[in-house]
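**Q** Structure incoming, see below.
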Amino acid sequence: MSSRSVRAIKHLLWVIPWAGLTVSVAQAASSGCAGLAQLPEVIEIDQGLQQELRAPVSIIRVAVGDSKIADVDASGDDAVVLTALSPGATSLMLWTACSKTPRQAMLFVKGVATTDMAATAMPPSQDSSLPSQVQADIRFVEVNRTKFKEAGARFLFKGSNNSLIGSPGTTPNTVARPGHVADAIAGIPLDNDVFNIVWGGGSSRFLAAISALENSGFAYTLARPSLVVLSGLTASFLAGGEIPIPVPSSGSDSVSIEYKEFGIRLALSPTVVSRDRITLKVAPEVSELDYVNAVNIAGTLVPGLTVRRTDTSISLADGESFVISGLISSTTRSAVDKFPGLGNIPILGAFFRQSTLMRDETELLMIVTPHLVQPLAANAQLPSLPGEGLRNYDPSWGRLFFLENGDFEGRSGLSQ
């Protein structure tokens with residue numbers, strides 16, 4: 001035997017010589033000797049993979065012809081693990097207690113790409129059974145809570161000796177001269193947005209008012225845009241409008257108009273990787289007109305835009321949901337106007353100060369849920385469309401007068 005063949009033989013953890021077998025071991029082995037005929041005579045493995053070969057009896061020794069093509073290791077008493085190292089062909093021999101001669105098989109190692117791995121790595125566009133269209137459902141959920149408190153007192157006192165004391169704002173357009181005070185009738189302005197309690201006496205020489213207000217409210221916003229797009233492409237969606245913005249020209253009095261989009265916008269770029277994995281590049285945006293922060297451009301009042309947007313890439317399975325962005329914002333503003341010193345007096349100091357408190361809390365979430373979808377079959381019946389039940393709404397005069405209660409808020413059809 002050549003030295004190369006000797007190097008190719010790899011023993012198991014134990015070697016049992018045939019001549020030294022006891023009768024009990026030989027009898028136990030002979031019970032499964034008939035099953036050796038079921039072992040394959042040709043074995044094919046892809047490069048870089050492993051395969052277990054199990055015999056019906058205990059294996060005494062195993063060897064491969066070329067250790068550069070395949071390697072072999074023990075896996076219990078009756079099995080070996082074959083490891084494909086490089087493309088080529090070699091022989092495999094197994095010794096058992098059934099025969100003095102080994103059981104032989106041909107071992108073929110194929111190239112790097114394997115059949116199973118190639119099927120898994122097949123591009124989605126080449127897999128006819130894999131849906132290639134993605135529907136992304138985006139949910140914008142925003143809750144805004146506000147709280148406002150105001151408490152204060154205003155007073156005005158005019159003495160008989162041309163003396164006067166009053167809170168801020170109680171003596172508008174009043175002029176004081178030496179020896180004479182308040183040519184104009186002073187008064188306390190009432191705030192129509194708060195509760196006012198006013199009393200006076202002494203021929204209007206004393207006038208006082210207490211203003212108090214506590215206001216709280218909330219706003220809930222929900223937007224659910226959906227968009228269907230082919231895998232690997234980009235689609236956009238806008239539900240809103242465009243606002244004209246005047247743009248003065250430099251060096252002249254002419255004004256041009258530019259349009260700015262606002263509303264619910266969605267840009268989506270999905271890629272179907274497999275049946276259980278979808279990668280998404282998604283850029284949702286919600287904007288609305290803000291007249292509180294409006295600006296004056298060339299004599300035209302142009303509102304600002306309140307915008308909530310995100311731009312990110314994620315990987316999800318069909319039907320899974322992910323919170324792609326979130327915001328918790330809390331703002332508290334408080335102010336106290338008071339007369340120095342007197343406003344710090346306990347209890348009585350309340351008549352010499354005015355306090356306001358404003359709190360604004362905002363919670364915002366953006367959630368995305370992708371779905372693999374297929375088109376409806378030709379001539380298939382479509383679900384009822386939104387408002388289908390109201391399309392031919394034309395009640396009689398009697399029904400309109402006696403029975404109509406104005407309940408048109410229920411959603412129907414695809415909106416459900």
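So you can find residues: chains in the structure tokens are A, B, ... in the order shown, residues in each start at 1, and ligands are numbered from 1 in order.
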What lies within 9 Å of Leu364 of chain A using only C-alpha atoms, ignoring chain neighbours under 3 positions off, as number ranges by chain?

**A** A: 140-144, 308, 325-329

**Q** I'd like the neighbourhood of Met358 of chain A as a PyMOL selection string, where a residue qualifies if any of its atoms comes within 9 Å (using only C-alpha atoms), though same-chain residues fewer than 3 positions away should be ignored.

**A** chain A and resi 146-150+331-334

**Q** Just how far from atom CA of Val302 of chain A is atom CA of Ile257 of chain A, in Å to one decimal?

**A** 11.9 Å

**Q** If you run DSSP over the backbone, which residues in segment 182-374 of chain A end up helix (DSSP H, G or I)? Put them as number ranges by chain.

**A** A: 342-344, 348-352

**Q** Which is closer to Leu238 of chain A than all the others in A:Leu382, A:Ala283, A:Ile210, A:Leu289, using only C-alpha atoms?

**A** A:Ala283

**Q** Could you list, as an MDAnalysis selection string, every residue within 7 Å of Leu92 of chain A, counting only C-alpha atoms and ignoring same-chain residues fewer than 6 positions away?

**A** chainID A and resid 63:65 104:107

**Q** Take the residues from that selection and put them in a file with C-alpha atoms, as an mmCIF file, in the first residue's frame.

**A**
data_model
loop_
_atom_site.group_PDB
_atom_site.id
_atom_site.type_symbol
_atom_site.label_atom_id
_atom_site.label_comp_id
_atom_site.auth_asym_id
_atom_site.auth_seq_id
_atom_site.Cartn_x
_atom_site.Cartn_y
_atom_site.Cartn_z
ATOM 1 C CA ALA A 63 -11.403 5.648 4.892
ATOM 2 C CA VAL A 64 -11.511 8.027 1.922
ATOM 3 C CA GLY A 65 -9.209 7.842 -1.077
ATOM 4 C CA GLN A 104 -17.176 0.674 -1.146
ATOM 5 C CA ALA A 105 -18.928 3.720 -2.618
ATOM 6 C CA MET A 106 -18.012 6.538 -4.987
ATOM 7 C CA LEU A 107 -18.066 10.046 -3.516
#

**Q** Quick one: everything within 7 Å of Gly304 of chain A, counting only C-alpha atoms, minus sequence neighbours fewer than 5 positions away in the same chain. Send it as a list in words.

**A** Leu289, Asp290, Tyr291, Asn293 and Ala294 of chain A

**Q** How many Å lie between atom CA of Phe237 of chain A and atom CA of Glu361 of chain A, rounded to one decimal?

**A** 29.4 Å

**Q** Which of segment 323-408 of chain A counts as strand (DSSP E) under DSSP, as an NGL selection string please?

**A** :A and (323-338 or 353-373)

**Q** Suppose we keep N, CA, C and O atoms; can you now write the selection as a short mmCIF file (atom, residue, chain, number, x, y, z; two decimals), in the first residue's frame?

**A**
data_model
loop_
_atom_site.label_atom_id
_atom_site.label_comp_id
_atom_site.auth_asym_id
_atom_site.auth_seq_id
_atom_site.Cartn_x
_atom_site.Cartn_y
_atom_site.Cartn_z
N VAL A 323 -43.08 49.95 14.87
CA VAL A 323 -43.16 51.39 15.15
C VAL A 323 -41.90 52.02 14.60
O VAL A 323 -40.81 51.84 15.15
N ILE A 324 -42.02 52.74 13.48
CA ILE A 324 -40.83 53.27 12.82
C ILE A 324 -40.40 54.61 13.40
O ILE A 324 -39.27 55.03 13.18
N SER A 325 -41.27 55.30 14.12
CA SER A 325 -40.86 56.54 14.78
C SER A 325 -41.89 56.89 15.85
O SER A 325 -43.04 56.46 15.79
N GLY A 326 -41.45 57.65 16.83
CA GLY A 326 -42.33 58.04 17.92
C GLY A 326 -41.84 59.34 18.53
O GLY A 326 -40.67 59.71 18.43
N LEU A 327 -42.75 60.03 19.19
CA LEU A 327 -42.43 61.31 19.80
C LEU A 327 -43.31 61.51 21.03
O LEU A 327 -44.51 61.29 20.98
N ILE A 328 -42.68 61.90 22.12
CA ILE A 328 -43.39 62.36 23.31
C ILE A 328 -42.84 63.73 23.65
O ILE A 328 -41.65 63.87 23.96
N SER A 329 -43.70 64.75 23.56
CA SER A 329 -43.27 66.13 23.79
C SER A 329 -44.16 66.75 24.86
O SER A 329 -45.38 66.60 24.82
N SER A 330 -43.53 67.42 25.80
CA SER A 330 -44.28 68.09 26.86
C SER A 330 -43.71 69.50 27.06
O SER A 330 -42.50 69.66 27.23
N THR A 331 -44.60 70.48 27.00
CA THR A 331 -44.20 71.88 27.18
C THR A 331 -45.07 72.52 28.25
O THR A 331 -46.30 72.41 28.20
N THR A 332 -44.43 73.18 29.21
CA THR A 332 -45.14 73.87 30.28
C THR A 332 -44.66 75.31 30.36
O THR A 332 -43.45 75.56 30.40
N ARG A 333 -45.61 76.24 30.34
CA ARG A 333 -45.30 77.66 30.44
C ARG A 333 -46.12 78.27 31.58
O ARG A 333 -47.33 78.04 31.66
N SER A 334 -45.45 79.04 32.43
CA SER A 334 -46.12 79.68 33.55
C SER A 334 -45.60 81.11 33.70
O SER A 334 -44.41 81.36 33.47
N ALA A 335 -46.49 82.01 34.06
CA ALA A 335 -46.12 83.41 34.24
C ALA A 335 -46.92 84.00 35.38
O ALA A 335 -48.11 83.66 35.57
N VAL A 336 -46.28 84.86 36.15
CA VAL A 336 -46.93 85.53 37.28
C VAL A 336 -46.63 87.02 37.18
O VAL A 336 -45.46 87.43 37.13
N ASP A 337 -47.68 87.84 37.10
CA ASP A 337 -47.57 89.30 37.15
C ASP A 337 -48.06 89.76 38.51
O ASP A 337 -49.20 89.43 38.91
N LYS A 338 -47.24 90.54 39.25
CA LYS A 338 -47.63 90.93 40.60
C LYS A 338 -47.03 92.29 40.96
O LYS A 338 -46.06 92.76 40.35
N ARG A 353 -51.77 90.22 42.18
CA ARG A 353 -51.02 89.44 41.19
C ARG A 353 -51.99 88.70 40.27
O ARG A 353 -53.17 88.52 40.59
N GLN A 354 -51.44 88.28 39.14
CA GLN A 354 -52.20 87.51 38.15
C GLN A 354 -51.29 86.41 37.62
O GLN A 354 -50.15 86.66 37.22
N SER A 355 -51.80 85.16 37.63
CA SER A 355 -50.99 83.98 37.28
C SER A 355 -51.64 83.23 36.12
O SER A 355 -52.87 83.13 36.03
N THR A 356 -50.79 82.71 35.24
CA THR A 356 -51.25 81.87 34.12
C THR A 356 -50.37 80.63 34.04
O THR A 356 -49.17 80.68 34.34
N LEU A 357 -50.96 79.53 33.63
CA LEU A 357 -50.25 78.26 33.43
C LEU A 357 -50.77 77.61 32.17
O LEU A 357 -51.99 77.49 31.98
N MET A 358 -49.85 77.18 31.30
CA MET A 358 -50.24 76.51 30.07
C MET A 358 -49.36 75.28 29.89
O MET A 358 -48.13 75.36 29.95
N ARG A 359 -50.00 74.12 29.68
CA ARG A 359 -49.28 72.86 29.48
C ARG A 359 -49.75 72.22 28.17
O ARG A 359 -50.94 72.15 27.90
N ASP A 360 -48.79 71.77 27.38
CA ASP A 360 -49.09 71.17 26.07
C ASP A 360 -48.30 69.86 25.96
O ASP A 360 -47.07 69.85 26.05
N GLU A 361 -49.02 68.74 25.79
CA GLU A 361 -48.40 67.42 25.67
C GLU A 361 -48.80 66.79 24.34
O GLU A 361 -49.98 66.84 23.96
N THR A 362 -47.81 66.21 23.67
CA THR A 362 -48.04 65.61 22.36
C THR A 362 -47.42 64.21 22.33
O THR A 362 -46.27 64.04 22.75
N GLU A 363 -48.17 63.23 21.85
CA GLU A 363 -47.68 61.87 21.62
C GLU A 363 -47.93 61.53 20.15
O GLU A 363 -49.03 61.70 19.64
N LEU A 364 -46.89 61.03 19.48
CA LEU A 364 -46.98 60.73 18.05
C LEU A 364 -46.34 59.39 17.78
O LEU A 364 -45.23 59.10 18.26
N LEU A 365 -47.03 58.54 17.02
CA LEU A 365 -46.51 57.23 16.61
C LEU A 365 -46.75 57.05 15.13
O LEU A 365 -47.78 57.46 14.58
N MET A 366 -45.77 56.41 14.45
CA MET A 366 -45.92 56.01 13.06
C MET A 366 -45.64 54.51 12.98
O MET A 366 -44.55 54.05 13.36
N ILE A 367 -46.62 53.74 12.52
CA ILE A 367 -46.54 52.28 12.50
C ILE A 367 -46.70 51.81 11.06
O ILE A 367 -47.58 52.29 10.32
N VAL A 368 -45.86 50.85 10.63
CA VAL A 368 -45.91 50.32 9.27
C VAL A 368 -46.16 48.82 9.33
O VAL A 368 -45.61 48.12 10.18
N THR A 369 -47.02 48.34 8.43
CA THR A 369 -47.35 46.91 8.32
C THR A 369 -47.35 46.53 6.84
O THR A 369 -48.24 46.97 6.10
N PRO A 370 -46.38 45.72 6.36
CA PRO A 370 -46.36 45.31 4.96
C PRO A 370 -47.11 43.99 4.75
O PRO A 370 -47.19 43.14 5.66
N HIS A 371 -47.65 43.82 3.55
CA HIS A 371 -48.34 42.59 3.18
C HIS A 371 -47.94 42.22 1.75
O HIS A 371 -47.84 43.09 0.87
N LEU A 372 -47.72 40.92 1.52
CA LEU A 372 -47.55 40.41 0.16
C LEU A 372 -48.95 40.21 -0.42
O LEU A 372 -49.79 39.51 0.18
N VAL A 373 -49.23 40.79 -1.56
CA VAL A 373 -50.58 40.77 -2.12
C VAL A 373 -50.54 40.26 -3.55
O VAL A 373 -49.51 40.32 -4.24
#

**Q** What is the distance between atom CA of Ala378 of chain A and atom CA of Ser226 of chain A, in Å to one decimal?

**A**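 Here the two named atoms are 22.6 Å from each other.
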
**Q** Of the residues A:Glu388, A:Asp73, A:Glu285, A:Asp46, which is the one nearest to Arg139 of chain A, using only C-alpha atoms?

**A**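 Nearest candidate to Arg139 of chain A out of A:Glu388, A:Asp73, A:Glu285, A:Asp46: A:Glu285.
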